$ cat query-v6.txt   # compact mmCIF, C-alpha atoms
# COMPACT_ATOMS: atom_id res chain seq x y z
CA MET A 5 12.26 -4.32 -15.50
CA THR A 6 14.50 -4.65 -12.43
CA SER A 7 17.95 -3.08 -12.42
CA THR A 8 21.19 -5.03 -11.96
CA THR A 9 21.52 -3.58 -8.45
CA GLU A 10 18.00 -4.72 -7.51
CA GLN A 11 18.69 -8.20 -8.91
CA PHE A 12 21.89 -8.35 -6.84
CA ALA A 13 19.95 -7.36 -3.71
CA ASP A 14 17.34 -10.05 -4.36
CA VAL A 15 20.01 -12.75 -4.62
CA ALA A 16 21.84 -11.44 -1.56
CA ALA A 17 18.63 -11.70 0.48
CA THR A 18 17.85 -15.30 -0.50
CA THR A 19 16.96 -17.29 2.61
CA LEU A 20 18.95 -20.47 2.07
CA LEU A 21 20.59 -22.23 5.01
CA ARG A 22 23.24 -24.91 4.56
CA PHE A 23 23.67 -27.01 7.69
CA ALA A 24 25.30 -30.25 8.74
CA THR A 25 24.54 -32.78 11.46
CA ALA A 26 27.27 -34.55 13.42
CA GLY A 27 27.67 -36.58 16.57
CA SER A 28 29.00 -39.81 18.01
CA VAL A 29 27.83 -43.29 17.01
CA ASP A 30 24.14 -43.99 17.74
CA ASP A 31 23.45 -40.48 18.98
CA GLY A 32 20.51 -40.38 16.57
CA LYS A 33 21.62 -38.07 13.76
CA SER A 34 19.79 -39.88 10.99
CA THR A 35 16.69 -40.24 13.17
CA LEU A 36 16.75 -36.49 13.86
CA VAL A 37 17.01 -35.68 10.16
CA GLY A 38 14.27 -38.20 9.35
CA ARG A 39 12.04 -36.70 12.03
CA LEU A 40 12.78 -33.20 10.73
CA LEU A 41 11.83 -34.20 7.19
CA HIS A 42 8.76 -36.19 8.28
CA ASP A 43 7.27 -33.68 10.68
CA SER A 44 7.90 -30.73 8.35
CA LYS A 45 5.96 -32.59 5.60
CA SER A 46 9.07 -32.80 3.40
CA VAL A 47 8.86 -36.55 2.68
CA LEU A 48 7.21 -37.85 -0.47
CA THR A 49 4.55 -40.54 -0.06
CA ASP A 50 6.53 -43.18 -1.95
CA GLN A 51 9.60 -42.47 0.19
CA LEU A 52 7.62 -42.94 3.39
CA GLU A 53 6.06 -46.15 2.05
CA ALA A 54 9.52 -47.52 1.22
CA VAL A 55 10.74 -46.72 4.75
CA GLU A 56 7.67 -48.37 6.30
CA ALA A 57 8.21 -51.51 4.20
CA ALA A 58 11.91 -51.68 5.11
CA SER A 59 11.08 -51.18 8.80
CA LEU A 60 8.50 -53.98 8.77
CA LYS A 61 11.00 -56.31 7.11
CA ARG A 62 13.36 -55.62 10.02
CA GLY A 63 10.61 -56.43 12.55
CA GLN A 64 9.87 -52.83 13.59
CA GLU A 65 6.27 -51.79 14.09
CA ALA A 66 6.84 -48.05 13.64
CA PRO A 67 8.72 -46.62 10.62
CA ASP A 68 12.44 -46.13 11.26
CA LEU A 69 12.88 -42.53 10.13
CA ALA A 70 16.67 -42.94 10.03
CA LEU A 71 16.19 -44.90 6.79
CA LEU A 72 15.18 -41.68 5.07
CA THR A 73 18.83 -40.62 5.05
CA ASP A 74 20.77 -43.88 5.37
CA GLY A 75 20.59 -44.66 1.66
CA LEU A 76 23.50 -47.08 1.20
CA ARG A 77 22.71 -50.79 1.59
CA ALA A 78 25.59 -51.19 4.07
CA GLU A 79 24.15 -48.31 6.11
CA ARG A 80 20.69 -49.88 6.28
CA GLU A 81 22.02 -53.32 7.15
CA GLN A 82 24.33 -52.07 9.91
CA GLY A 83 22.09 -49.28 11.14
CA ILE A 84 24.88 -46.72 10.78
CA THR A 85 25.73 -43.74 8.59
CA ILE A 86 28.84 -44.17 6.40
CA ASP A 87 28.65 -41.53 3.69
CA VAL A 88 27.43 -37.93 3.76
CA ALA A 89 23.72 -37.86 2.86
CA TYR A 90 22.55 -34.58 1.37
CA ARG A 91 18.90 -33.62 1.54
CA TYR A 92 17.06 -30.60 0.18
CA PHE A 93 13.82 -29.36 1.73
CA ALA A 94 11.95 -26.15 2.34
CA THR A 95 9.44 -24.58 4.70
CA PRO A 96 7.42 -21.41 4.08
CA ARG A 97 10.13 -19.45 5.89
CA ARG A 98 13.40 -20.82 4.45
CA ARG A 99 15.06 -23.28 2.07
CA PHE A 100 17.56 -25.82 3.42
CA ILE A 101 20.45 -27.95 2.22
CA LEU A 102 21.46 -30.41 4.94
CA ALA A 103 24.33 -32.84 5.16
CA ASP A 104 23.87 -35.83 7.49
CA THR A 105 27.45 -36.84 8.35
CA PRO A 106 28.74 -40.10 9.91
CA GLY A 107 29.43 -40.58 13.60
CA HIS A 108 32.13 -43.27 13.48
CA VAL A 109 35.66 -42.04 14.16
CA GLN A 110 36.89 -43.62 10.92
CA TYR A 111 34.43 -41.50 8.94
CA THR A 112 35.29 -38.16 10.57
CA ARG A 113 36.73 -37.11 7.20
CA ASN A 114 33.18 -37.12 5.86
CA MET A 115 32.16 -34.61 8.50
CA VAL A 116 34.85 -32.27 7.14
CA THR A 117 33.26 -32.60 3.71
CA GLY A 118 29.72 -32.01 4.97
CA ALA A 119 30.57 -29.03 7.19
CA SER A 120 32.99 -27.28 4.81
CA THR A 121 30.18 -25.25 3.23
CA ALA A 122 27.79 -25.23 6.21
CA GLU A 123 26.62 -22.09 7.94
CA LEU A 124 25.34 -24.09 10.92
CA ALA A 125 26.27 -27.40 12.50
CA VAL A 126 23.94 -29.51 14.64
CA VAL A 127 26.06 -31.59 17.05
CA LEU A 128 24.11 -34.38 18.73
CA VAL A 129 24.86 -35.79 22.16
CA ASP A 130 23.23 -38.82 23.77
CA ALA A 131 21.81 -37.56 27.06
CA ARG A 132 22.88 -40.83 28.74
CA ASN A 133 26.53 -40.51 27.68
CA GLY A 134 27.15 -36.77 27.68
CA VAL A 135 30.08 -35.15 25.89
CA VAL A 136 32.47 -37.82 24.56
CA GLU A 137 35.70 -37.63 22.54
CA GLN A 138 33.89 -37.71 19.20
CA THR A 139 31.70 -34.83 20.37
CA ARG A 140 34.83 -32.82 21.10
CA ARG A 141 36.31 -33.79 17.72
CA HIS A 142 33.20 -32.59 15.89
CA ALA A 143 33.21 -29.34 17.86
CA ALA A 144 36.87 -28.84 16.92
CA VAL A 145 36.15 -29.49 13.23
CA ALA A 146 33.23 -27.03 13.31
CA ALA A 147 35.48 -24.42 14.92
CA LEU A 148 38.29 -25.05 12.43
CA LEU A 149 35.91 -24.71 9.49
CA ARG A 150 34.64 -21.44 10.99
CA VAL A 151 31.03 -22.61 11.06
CA PRO A 152 29.35 -19.51 12.55
CA HIS A 153 26.45 -21.24 14.33
CA VAL A 154 26.50 -24.49 16.35
CA VAL A 155 23.43 -26.18 17.81
CA LEU A 156 23.93 -28.68 20.63
CA ALA A 157 21.03 -31.14 20.37
CA VAL A 158 20.91 -33.20 23.56
CA ASN A 159 19.04 -36.24 22.24
CA LYS A 160 17.25 -39.17 23.87
CA MET A 161 15.93 -37.04 26.70
CA ASP A 162 13.06 -39.56 26.95
CA LEU A 163 15.60 -42.12 28.23
CA VAL A 164 16.64 -39.87 31.15
CA ASP A 165 13.06 -39.00 32.16
CA TYR A 166 13.33 -35.56 30.53
CA ALA A 167 15.48 -34.42 33.47
CA GLU A 168 16.50 -30.76 33.28
CA PRO A 169 19.71 -31.21 35.39
CA VAL A 170 21.03 -33.78 32.90
CA PHE A 171 20.52 -31.37 30.01
CA ALA A 172 21.96 -28.41 31.92
CA ALA A 173 25.17 -30.25 32.84
CA ILE A 174 25.80 -31.40 29.25
CA ALA A 175 25.01 -27.96 27.83
CA GLU A 176 27.41 -26.27 30.26
CA GLU A 177 30.29 -28.68 29.51
CA PHE A 178 29.90 -28.44 25.73
CA THR A 179 29.43 -24.66 25.72
CA ARG A 180 32.59 -24.17 27.78
CA TYR A 181 34.60 -26.43 25.44
CA ALA A 182 33.28 -24.92 22.20
CA SER A 183 33.72 -21.37 23.49
CA GLU A 184 37.40 -22.05 24.17
CA LEU A 185 37.68 -23.11 20.51
CA GLY A 186 36.20 -19.79 19.45
CA VAL A 187 32.77 -20.95 18.26
CA PRO A 188 30.87 -17.62 18.12
CA GLU A 189 27.33 -18.86 18.81
CA ILE A 190 26.14 -22.00 20.62
CA THR A 191 22.47 -22.90 21.12
CA ALA A 192 21.54 -25.91 23.28
CA ILE A 193 18.20 -27.68 22.70
CA PRO A 194 16.91 -30.77 24.59
CA ILE A 195 15.20 -33.19 22.17
CA SER A 196 13.97 -36.71 21.57
CA ALA A 197 14.32 -37.41 17.85
CA LEU A 198 12.49 -40.73 18.20
CA ALA A 199 9.47 -39.24 19.97
CA GLY A 200 9.61 -35.88 18.17
CA ASP A 201 10.12 -33.73 21.28
CA ASN A 202 11.39 -30.21 20.38
CA VAL A 203 12.32 -31.21 16.82
CA VAL A 204 9.47 -29.54 14.92
CA GLU A 205 6.84 -29.22 17.64
CA PRO A 206 7.46 -28.05 21.25
CA SER A 207 7.60 -30.81 23.83
CA ALA A 208 4.90 -31.19 26.48
CA ASN A 209 7.36 -33.34 28.45
CA MET A 210 9.89 -30.54 28.96
CA ASP A 211 7.88 -27.53 30.09
CA TRP A 212 11.01 -26.30 31.87
CA TYR A 213 12.54 -25.49 28.46
CA GLY A 214 11.38 -22.23 26.91
CA GLY A 215 13.67 -21.98 23.89
CA PRO A 216 13.06 -22.73 20.21
CA THR A 217 12.59 -26.14 18.63
CA VAL A 218 15.26 -27.33 16.22
CA LEU A 219 13.25 -26.34 13.14
CA GLU A 220 12.27 -22.98 14.61
CA HIS A 221 15.93 -22.20 15.26
CA LEU A 222 16.91 -23.32 11.76
CA GLU A 223 14.22 -21.08 10.29
CA THR A 224 15.19 -17.98 12.28
CA VAL A 225 18.97 -18.11 12.75
CA PRO A 226 20.51 -15.10 10.97
CA VAL A 227 22.44 -16.03 7.83
CA SER A 228 24.66 -13.52 6.10
CA HIS A 229 24.46 -13.43 2.30
CA ASP A 230 26.15 -10.07 1.82
CA LEU A 231 28.29 -11.19 -1.08
CA THR A 232 29.57 -7.67 -1.74
CA ALA A 233 31.39 -7.67 1.60
CA CYS A 234 33.65 -10.58 0.59
CA HIS A 235 37.07 -10.21 -1.01
CA ALA A 236 36.38 -10.65 -4.73
CA ARG A 237 38.20 -13.69 -6.16
CA PHE A 238 37.91 -15.37 -9.57
CA PRO A 239 39.94 -18.56 -10.18
CA VAL A 240 40.38 -19.10 -13.92
CA GLN A 241 39.13 -22.51 -14.96
CA TYR A 242 39.35 -22.32 -18.75
CA VAL A 243 40.58 -19.90 -21.43
CA ILE A 244 38.08 -19.47 -24.27
CA ARG A 245 39.51 -18.59 -27.70
CA PRO A 246 37.12 -19.71 -30.47
CA GLN A 247 39.21 -18.10 -33.29
CA THR A 248 36.26 -18.29 -35.65
CA ALA A 249 35.19 -15.90 -38.40
CA GLU A 250 32.44 -14.62 -36.08
CA HIS A 251 34.79 -14.21 -33.09
CA PRO A 252 38.32 -13.84 -34.51
CA ASP A 253 39.79 -11.96 -31.54
CA TYR A 254 37.63 -13.25 -28.65
CA ARG A 255 39.65 -14.12 -25.56
CA GLY A 256 37.70 -14.85 -22.39
CA TYR A 257 38.56 -16.35 -19.02
CA ALA A 258 35.85 -18.70 -17.75
CA GLY A 259 35.22 -19.96 -14.23
CA GLN A 260 33.09 -19.65 -11.12
CA ILE A 261 33.39 -16.54 -8.98
CA ALA A 262 34.63 -17.81 -5.61
CA ALA A 263 33.72 -14.72 -3.60
CA GLY A 264 32.62 -11.13 -3.93
CA ALA A 265 31.60 -9.33 -7.12
CA PHE A 266 33.25 -8.09 -10.31
CA ARG A 267 32.17 -5.13 -12.46
CA VAL A 268 32.89 -3.96 -15.98
CA GLY A 269 35.48 -1.18 -15.88
CA GLU A 270 37.11 -2.48 -12.71
CA GLN A 271 40.91 -2.75 -12.59
CA ILE A 272 42.11 -6.23 -11.65
CA THR A 273 45.37 -7.96 -10.81
CA VAL A 274 46.28 -11.36 -12.24
CA LEU A 275 47.99 -13.67 -9.74
CA PRO A 276 50.59 -15.01 -9.33
CA SER A 277 52.12 -12.89 -12.15
CA GLY A 278 50.98 -9.58 -10.62
CA LYS A 279 50.06 -8.05 -14.00
CA THR A 280 47.11 -5.66 -14.13
CA SER A 281 44.33 -4.96 -16.61
CA THR A 282 40.75 -3.70 -16.80
CA ILE A 283 37.56 -5.73 -17.19
CA THR A 284 35.99 -4.79 -20.53
CA ALA A 285 33.11 -7.30 -20.52
CA ILE A 286 31.47 -10.02 -18.45
CA ASP A 287 29.50 -12.75 -20.22
CA ALA A 288 26.93 -14.75 -18.23
CA LEU A 289 24.57 -17.30 -19.79
CA GLY A 290 25.29 -15.96 -23.27
CA GLU A 291 24.56 -12.33 -22.38
CA SER A 292 26.75 -9.39 -21.44
CA VAL A 293 26.23 -8.07 -17.91
CA ASP A 294 27.67 -5.14 -15.97
CA ILE A 295 28.18 -7.02 -12.72
CA ALA A 296 28.55 -10.64 -11.60
CA TRP A 297 28.88 -12.16 -8.15
CA ALA A 298 29.58 -15.44 -6.34
CA PRO A 299 28.76 -18.19 -7.05
CA GLN A 300 27.94 -17.33 -10.68
CA SER A 301 29.85 -19.01 -13.50
CA VAL A 302 30.91 -16.35 -16.00
CA THR A 303 33.47 -15.42 -18.65
CA ILE A 304 35.53 -12.29 -18.02
CA ARG A 305 37.22 -10.34 -20.82
CA LEU A 306 40.14 -7.97 -20.25
CA ALA A 307 41.51 -4.93 -22.06
CA ASP A 308 45.02 -6.39 -22.38
CA ASP A 309 46.36 -9.62 -23.84
CA ILE A 310 48.02 -11.17 -20.80
CA ASP A 311 49.39 -14.68 -20.43
CA ILE A 312 46.63 -16.15 -18.26
CA SER A 313 45.89 -19.86 -17.89
CA ARG A 314 43.94 -22.29 -15.69
CA GLY A 315 44.86 -21.83 -12.04
CA ASP A 316 45.51 -18.09 -12.22
CA LEU A 317 43.44 -15.86 -9.95
CA LEU A 318 41.79 -12.54 -10.79
CA ALA A 319 41.29 -10.09 -7.93
CA PRO A 320 40.58 -6.35 -7.61
CA ALA A 321 43.81 -4.38 -7.99
CA GLY A 322 43.36 -2.76 -4.60
CA ASP A 323 42.37 -5.96 -2.78
CA ALA A 324 44.64 -8.69 -4.11
CA PRO A 325 46.01 -11.35 -1.73
CA ALA A 326 49.76 -11.72 -1.29
CA THR A 327 51.43 -14.62 -3.07
CA SER A 328 53.85 -16.96 -1.31
CA GLN A 329 55.48 -20.35 -1.63
CA ASP A 330 55.32 -20.89 2.14
CA VAL A 331 51.98 -22.04 3.52
CA GLU A 332 51.19 -22.20 7.23
CA ALA A 333 47.90 -23.88 7.96
CA THR A 334 45.85 -26.24 10.08
CA VAL A 335 44.90 -29.52 8.42
CA CYS A 336 42.42 -32.29 9.13
CA HIS A 337 44.14 -35.49 8.06
CA VAL A 338 41.62 -37.72 6.28
CA ALA A 339 43.69 -40.52 4.70
CA ASP A 340 44.55 -43.92 6.14
CA GLN A 341 48.27 -43.44 5.45
CA PRO A 342 50.01 -40.87 7.69
CA LEU A 343 51.22 -37.42 6.64
CA THR A 344 54.93 -37.11 7.48
CA VAL A 345 57.59 -34.42 7.53
CA GLY A 346 59.47 -34.36 4.22
CA GLN A 347 56.61 -35.96 2.31
CA ARG A 348 56.05 -34.83 -1.28
CA VAL A 349 52.44 -33.92 -2.03
CA LEU A 350 50.28 -32.03 -4.48
CA LEU A 351 48.50 -28.96 -3.14
CA LYS A 352 45.18 -28.09 -4.82
CA HIS A 353 43.95 -24.55 -4.25
CA THR A 354 40.82 -23.52 -6.21
CA THR A 355 41.68 -24.47 -9.82
CA ARG A 356 45.45 -24.51 -9.28
CA THR A 357 47.43 -27.66 -8.40
CA VAL A 358 51.14 -27.38 -7.58
CA LYS A 359 53.88 -29.66 -6.26
CA ALA A 360 54.76 -29.19 -2.61
CA ILE A 361 56.65 -30.69 0.32
CA VAL A 362 55.66 -30.91 3.98
CA LYS A 363 58.46 -28.96 5.65
CA GLU A 364 57.30 -29.23 9.24
CA ILE A 365 54.47 -30.44 11.47
CA PRO A 366 54.82 -28.11 14.48
CA SER A 367 51.97 -29.52 16.55
CA ARG A 368 48.99 -31.85 16.82
CA LEU A 369 45.82 -30.90 18.67
CA THR A 370 44.93 -32.92 21.77
CA LEU A 371 41.14 -32.94 21.91
CA ASP A 372 40.74 -33.66 25.62
CA ASP A 373 42.21 -30.39 26.87
CA LEU A 374 42.87 -28.51 23.59
CA SER A 375 46.61 -28.55 24.24
CA GLN A 376 49.15 -28.76 21.43
CA HIS A 377 51.40 -31.83 21.23
CA PRO A 378 54.66 -30.40 19.82
CA GLU A 379 56.56 -31.89 16.86
CA PRO A 380 54.56 -35.13 16.45
CA GLY A 381 56.50 -35.99 13.28
CA GLN A 382 53.35 -37.20 11.52
CA LEU A 383 49.59 -36.93 11.45
CA VAL A 384 47.40 -40.03 11.22
CA ALA A 385 43.76 -40.44 10.20
CA ASN A 386 41.43 -37.89 11.89
CA ASP A 387 44.31 -35.95 13.46
CA ILE A 388 44.13 -32.16 13.46
CA GLY A 389 47.48 -30.42 13.34
CA ARG A 390 49.53 -27.45 12.19
CA VAL A 391 51.73 -27.81 9.10
CA ARG A 392 54.25 -25.78 7.14
CA ILE A 393 54.37 -26.46 3.46
CA ARG A 394 56.69 -25.23 0.72
CA THR A 395 55.21 -25.08 -2.78
CA ALA A 396 57.03 -25.23 -6.09
CA GLU A 397 55.08 -22.21 -7.38
CA PRO A 398 53.61 -19.15 -5.65
CA LEU A 399 50.00 -19.36 -4.43
CA ALA A 400 47.49 -16.57 -3.79
CA LEU A 401 46.03 -17.92 -0.55
CA ASP A 402 43.71 -15.89 1.63
CA ALA A 403 43.46 -16.54 5.35
CA TYR A 404 40.66 -19.05 5.93
CA ALA A 405 39.13 -16.68 8.48
CA ASP A 406 38.66 -14.13 5.66
CA SER A 407 37.49 -16.50 2.91
CA ARG A 408 36.45 -20.13 3.30
CA ARG A 409 36.62 -20.66 -0.47
CA THR A 410 40.06 -19.21 -1.22
CA GLY A 411 41.60 -19.90 2.19
CA SER A 412 41.15 -23.67 1.92
CA PHE A 413 43.11 -26.31 0.04
CA LEU A 414 43.64 -30.06 -0.32
CA LEU A 415 46.81 -32.09 0.03
CA ILE A 416 46.87 -34.96 -2.48
CA ASP A 417 49.08 -38.04 -2.85
CA PRO A 418 50.85 -37.59 -6.22
CA ALA A 419 51.18 -41.37 -6.66
CA ASP A 420 47.49 -42.30 -6.72
CA GLY A 421 45.48 -39.10 -6.34
CA THR A 422 44.25 -39.92 -2.81
CA THR A 423 43.15 -36.91 -0.76
CA LEU A 424 45.45 -36.76 2.27
CA ALA A 425 44.28 -33.70 4.19
CA ALA A 426 41.95 -30.71 4.07
CA GLY A 427 43.76 -27.50 4.96
CA MET A 428 42.77 -24.08 6.30
CA ALA A 429 45.36 -21.33 5.82
CA GLY A 430 46.24 -18.95 8.64
CA GLU A 431 45.37 -19.18 12.32
CA ALA A 432 43.74 -22.38 13.57
CA PHE A 433 40.89 -21.23 15.80
CA ALA A 434 39.12 -17.95 16.42
CA GLY A 435 39.66 -18.40 20.16
CA ALA A 436 42.76 -18.24 22.32
CA LYS A 437 43.64 -21.91 21.83
CA ALA A 438 45.40 -21.40 18.45
CA ALA A 439 48.65 -23.28 18.11
CA ALA A 440 51.84 -21.34 18.58
CA VAL A 441 53.90 -20.94 15.41
CA ALA A 442 57.66 -21.31 15.61
CA GLU A 443 60.24 -19.90 13.21
CA THR A 444 60.47 -21.63 9.81
CA THR A 445 63.47 -23.89 9.34
CA GLU A 446 65.01 -24.91 6.02
CA ASP A 447 65.29 -28.54 5.01
CA GLU A 448 68.16 -29.66 2.88
CA GLY A 449 67.82 -31.18 -0.57
CA TRP A 450 64.91 -29.15 -1.93
CA ALA A 451 65.31 -26.04 -4.04
CA PHE A 452 61.71 -24.75 -4.04

$ encode --input "query-v6.txt" --output "structure tokens"
Amino acid sequence: MTSTTEQFADVAATTLLRFATAGSVDDGKSTLVGRLLHDSKSVLTDQLEAVEAASLKRGQEAPDLALLTDGLRAEREQGITIDVAYRYFATPRRRFILADTPGHVQYTRNMVTGASTAELAVVLVDARNGVVEQTRRHAAVAALLRVPHVVLAVNKMDLVDYAEPVFAAIAEEFTRYASELGVPEITAIPISALAGDNVVEPSANMDWYGGPTVLEHLETVPVSHDLTACHARFPVQYVIRPQTAEHPDYRGYAGQIAAGAFRVGEQITVLPSGKTSTITAIDALGESVDIAWAPQSVTIRLADDIDISRGDLLAPAGDAPATSQDVEATVCHVADQPLTVGQRVLLKHTTRTVKAIVKEIPSRLTLDDLSQHPEPGQLVANDIGRVRIRTAEPLALDAYADSRRTGSFLLIDPADGTTLAAGMAGEAFAGAKAAAVAETTEDEGWAF
């Protein structure tokens, strides 16, 4: 029988890669994903037959592999990607969860959704067009979301006669731009998704390229699953008190561990109250365990009866985040209506939702040269900008650079529940292009 420590090590070593694809309109994202699935033998026979039938109906002799991911009727009719399409597949070397995200500017918000949990982003560029504004926007989003690995896939090389200078110029421009944003690792690969060059199999048409294919890189890129190295965080989702004859005094706090690990006997701090207690038991799948780790859903029991409710956060006593009502962050604005200074919003952080007001919008990012446009007054759809927010109640926010789960939040319209913006607390980018932060000013008329 394996010990708890050995079980933890097995889970930590699981070779699962979450990745997202992004790029401008008609750069071939869906075709790349379709080719990846087809050539890696990850497509079921009935799926392939359905794609072949749909392709013939549209007058195409060869199957359009983009249809493997463009599942919505509007997507198939228009030949575009609108929603994020998730696909699950595996090779003998690794399991994958991929998110095929839209290329249209108006659907950039969907790229934020797809890349928020990704460990790698594949950014496609049409070799004929090079780096365009949407390419820069996707690079900025990947940098903001702290995606550790970015692959530049220069597609449609068959349409530029597989010319090495074309690839080299695009790779140099993109690498320089992404490096200034602080992207830690960039790998450029010349491909033709339509013809299959360098997607799964090496291309005979580009013997000047000696690097990995897309699939080879996906299978070998290092992915960290050292969950014990993360700051342990447990947002309380539900308080369990059965008050039955069998369990008259049972009080447990249920939820999903956001990061790190918790152990029986460990002293914890409850936030935002700051009260402390000791973990007496951890229940997982109906059994008591000595240790639990992210992303397990568990029930934690404490030695003391403390007033704890949904939205509170449990953290190790020696590693608890500071609480504050003032939030400084970078946001990607995803709603059609603008975000303005003085606007009342709801801020959702893990399982906690509080009232808030936008106190200031210090700057908006200009994608062309990565400069900061000061005091824009508002952010419109697809804008990336710095904000200062005042919340009605204290929040236990980590810096996004330290924890993607507990350093992120959503801004929500209190009138209709529309998601306005996705926020990342702390500094904007890992590189030197982070926006300067001015001194906080007080607005009149609000007490919190």

$ closest_residue --input "query-v6.txt" --among "A:Asp417, A:Ser367, A:Pro325, A:Val391" --to "A:Gln341" --atoms "only C-alpha atoms"
A:Asp417

$ atom_distance --input "query-v6.txt" --atom1 "atom CA of A:Leu21" --atom2 "atom CA of A:Val227"
7.1 Å

$ closest_residue --input "query-v6.txt" --among "A:Leu383, A:Val164, A:Val240, A:Ala144" --to "A:Phe178" --atoms "only C-alpha atoms"
A:Ala144

$ atom_distance --input "query-v6.txt" --atom1 "atom CA of A:Ala288" --atom2 "atom CA of A:Gln300"
8.0 Å

$ closest_residue --input "query-v6.txt" --among "A:Val293, A:Cys336, A:Leu414, A:Ala236" --to "A:Thr357" --atoms "only C-alpha atoms"
A:Leu414

$ closest_residue --input "query-v6.txt" --among "A:Asn202, A:Thr224, A:Gln138, A:Ser277" --to "A:His153" --atoms "all atoms listed in the file"
A:Thr224

$ residues_near_point --input "query-v6.txt" --point "(47.7, -24.1, -5.1)" --cutoff "12 Å" --atoms "all atoms listed in the file" --output "PDB file with C-alpha atoms, in the frame of the given file"
ATOM      1  CA  PRO A 239      39.940 -18.560 -10.180  1.00  0.00           C
ATOM      2  CA  LEU A 275      47.990 -13.670  -9.740  1.00  0.00           C
ATOM      3  CA  PRO A 276      50.590 -15.010  -9.330  1.00  0.00           C
ATOM      4  CA  ARG A 314      43.940 -22.290 -15.690  1.00  0.00           C
ATOM      5  CA  GLY A 315      44.860 -21.830 -12.040  1.00  0.00           C
ATOM      6  CA  ASP A 316      45.510 -18.090 -12.220  1.00  0.00           C
ATOM      7  CA  LEU A 317      43.440 -15.860  -9.950  1.00  0.00           C
ATOM      8  CA  THR A 327      51.430 -14.620  -3.070  1.00  0.00           C
ATOM      9  CA  SER A 328      53.850 -16.960  -1.310  1.00  0.00           C
ATOM     10  CA  GLN A 329      55.480 -20.350  -1.630  1.00  0.00           C
ATOM     11  CA  ASP A 330      55.320 -20.890   2.140  1.00  0.00           C
ATOM     12  CA  VAL A 331      51.980 -22.040   3.520  1.00  0.00           C
ATOM     13  CA  VAL A 349      52.440 -33.920  -2.030  1.00  0.00           C
ATOM     14  CA  LEU A 350      50.280 -32.030  -4.480  1.00  0.00           C
ATOM     15  CA  LEU A 351      48.500 -28.960  -3.140  1.00  0.00           C
ATOM     16  CA  LYS A 352      45.180 -28.090  -4.820  1.00  0.00           C
ATOM     17  CA  HIS A 353      43.950 -24.550  -4.250  1.00  0.00           C
ATOM     18  CA  THR A 354      40.820 -23.520  -6.210  1.00  0.00           C
ATOM     19  CA  THR A 355      41.680 -24.470  -9.820  1.00  0.00           C
ATOM     20  CA  ARG A 356      45.450 -24.510  -9.280  1.00  0.00           C
ATOM     21  CA  THR A 357      47.430 -27.660  -8.400  1.00  0.00           C
ATOM     22  CA  VAL A 358      51.140 -27.380  -7.580  1.00  0.00           C
ATOM     23  CA  LYS A 359      53.880 -29.660  -6.260  1.00  0.00           C
ATOM     24  CA  ALA A 360      54.760 -29.190  -2.610  1.00  0.00           C
ATOM     25  CA  ILE A 393      54.370 -26.460   3.460  1.00  0.00           C
ATOM     26  CA  ARG A 394      56.690 -25.230   0.720  1.00  0.00           C
ATOM     27  CA  THR A 395      55.210 -25.080  -2.780  1.00  0.00           C
ATOM     28  CA  ALA A 396      57.030 -25.230  -6.090  1.00  0.00           C
ATOM     29  CA  GLU A 397      55.080 -22.210  -7.380  1.00  0.00           C
ATOM     30  CA  PRO A 398      53.610 -19.150  -5.650  1.00  0.00           C
ATOM     31  CA  LEU A 399      50.000 -19.360  -4.430  1.00  0.00           C
ATOM     32  CA  ALA A 400      47.490 -16.570  -3.790  1.00  0.00           C
ATOM     33  CA  LEU A 401      46.030 -17.920  -0.550  1.00  0.00           C
ATOM     34  CA  ASP A 402      43.710 -15.890   1.630  1.00  0.00           C
ATOM     35  CA  THR A 410      40.060 -19.210  -1.220  1.00  0.00           C
ATOM     36  CA  GLY A 411      41.600 -19.900   2.190  1.00  0.00           C
ATOM     37  CA  SER A 412      41.150 -23.670   1.920  1.00  0.00           C
ATOM     38  CA  PHE A 413      43.110 -26.310   0.040  1.00  0.00           C
ATOM     39  CA  LEU A 414      43.640 -30.060  -0.320  1.00  0.00           C
ATOM     40  CA  LEU A 415      46.810 -32.090   0.030  1.00  0.00           C
ATOM     41  CA  ILE A 416      46.870 -34.960  -2.480  1.00  0.00           C
ATOM     42  CA  GLY A 427      43.760 -27.500   4.960  1.00  0.00           C
ATOM     43  CA  ALA A 429      45.360 -21.330   5.820  1.00  0.00           C
TER      44      ALA A 429
END

$ residues_around --input "query-v6.txt" --residues "A:Phe238" --least-positions-apart "3" --cutoff "10 Å" --atoms "all atoms listed in the file" --output "ChimeraX atom specification"
/A:241,257-266,274,297-299,301-302,304,315-320,354-355,410

$ closest_residue --input "query-v6.txt" --among "A:Ala94, A:Met161, A:Val225, A:Ala197" --to "A:Ser46" --atoms "all atoms listed in the file"
A:Ala94

$ closest_residue --input "query-v6.txt" --among "A:Gly118, A:Thr95, A:Arg255, A:Val345" --to "A:Ser44" --atoms "all atoms listed in the file"
A:Thr95

$ atom_distance --input "query-v6.txt" --atom1 "atom CA of A:His235" --atom2 "atom CA of A:Ala403"
11.0 Å

$ residues_around --input "query-v6.txt" --residues "A:Ser207" --least-positions-apart "3" --cutoff "12 Å" --atoms "all atoms listed in the file" --output "VMD selection string"
chain A and resid 161 to 162 166 193 to 197 199 to 204 210 to 218

$ residues_near_point --input "query-v6.txt" --point "(41.4, -3.5, -15.0)" --cutoff "8 Å" --atoms "all atoms listed in the file" --output "ChimeraX atom specification"
/A:269-273,280-284,306-307,320-321

$ axis_aligned_box --input "query-v6.txt" --around "stretch 410-420 of chain A" --padding-each-side "4 Å" --output "lines of an AutoDock Vina configuration file"
center_x = 45.6
center_y = -30.8
center_z = -2.3
size_x = 19.1
size_y = 31.1
size_z = 16.9
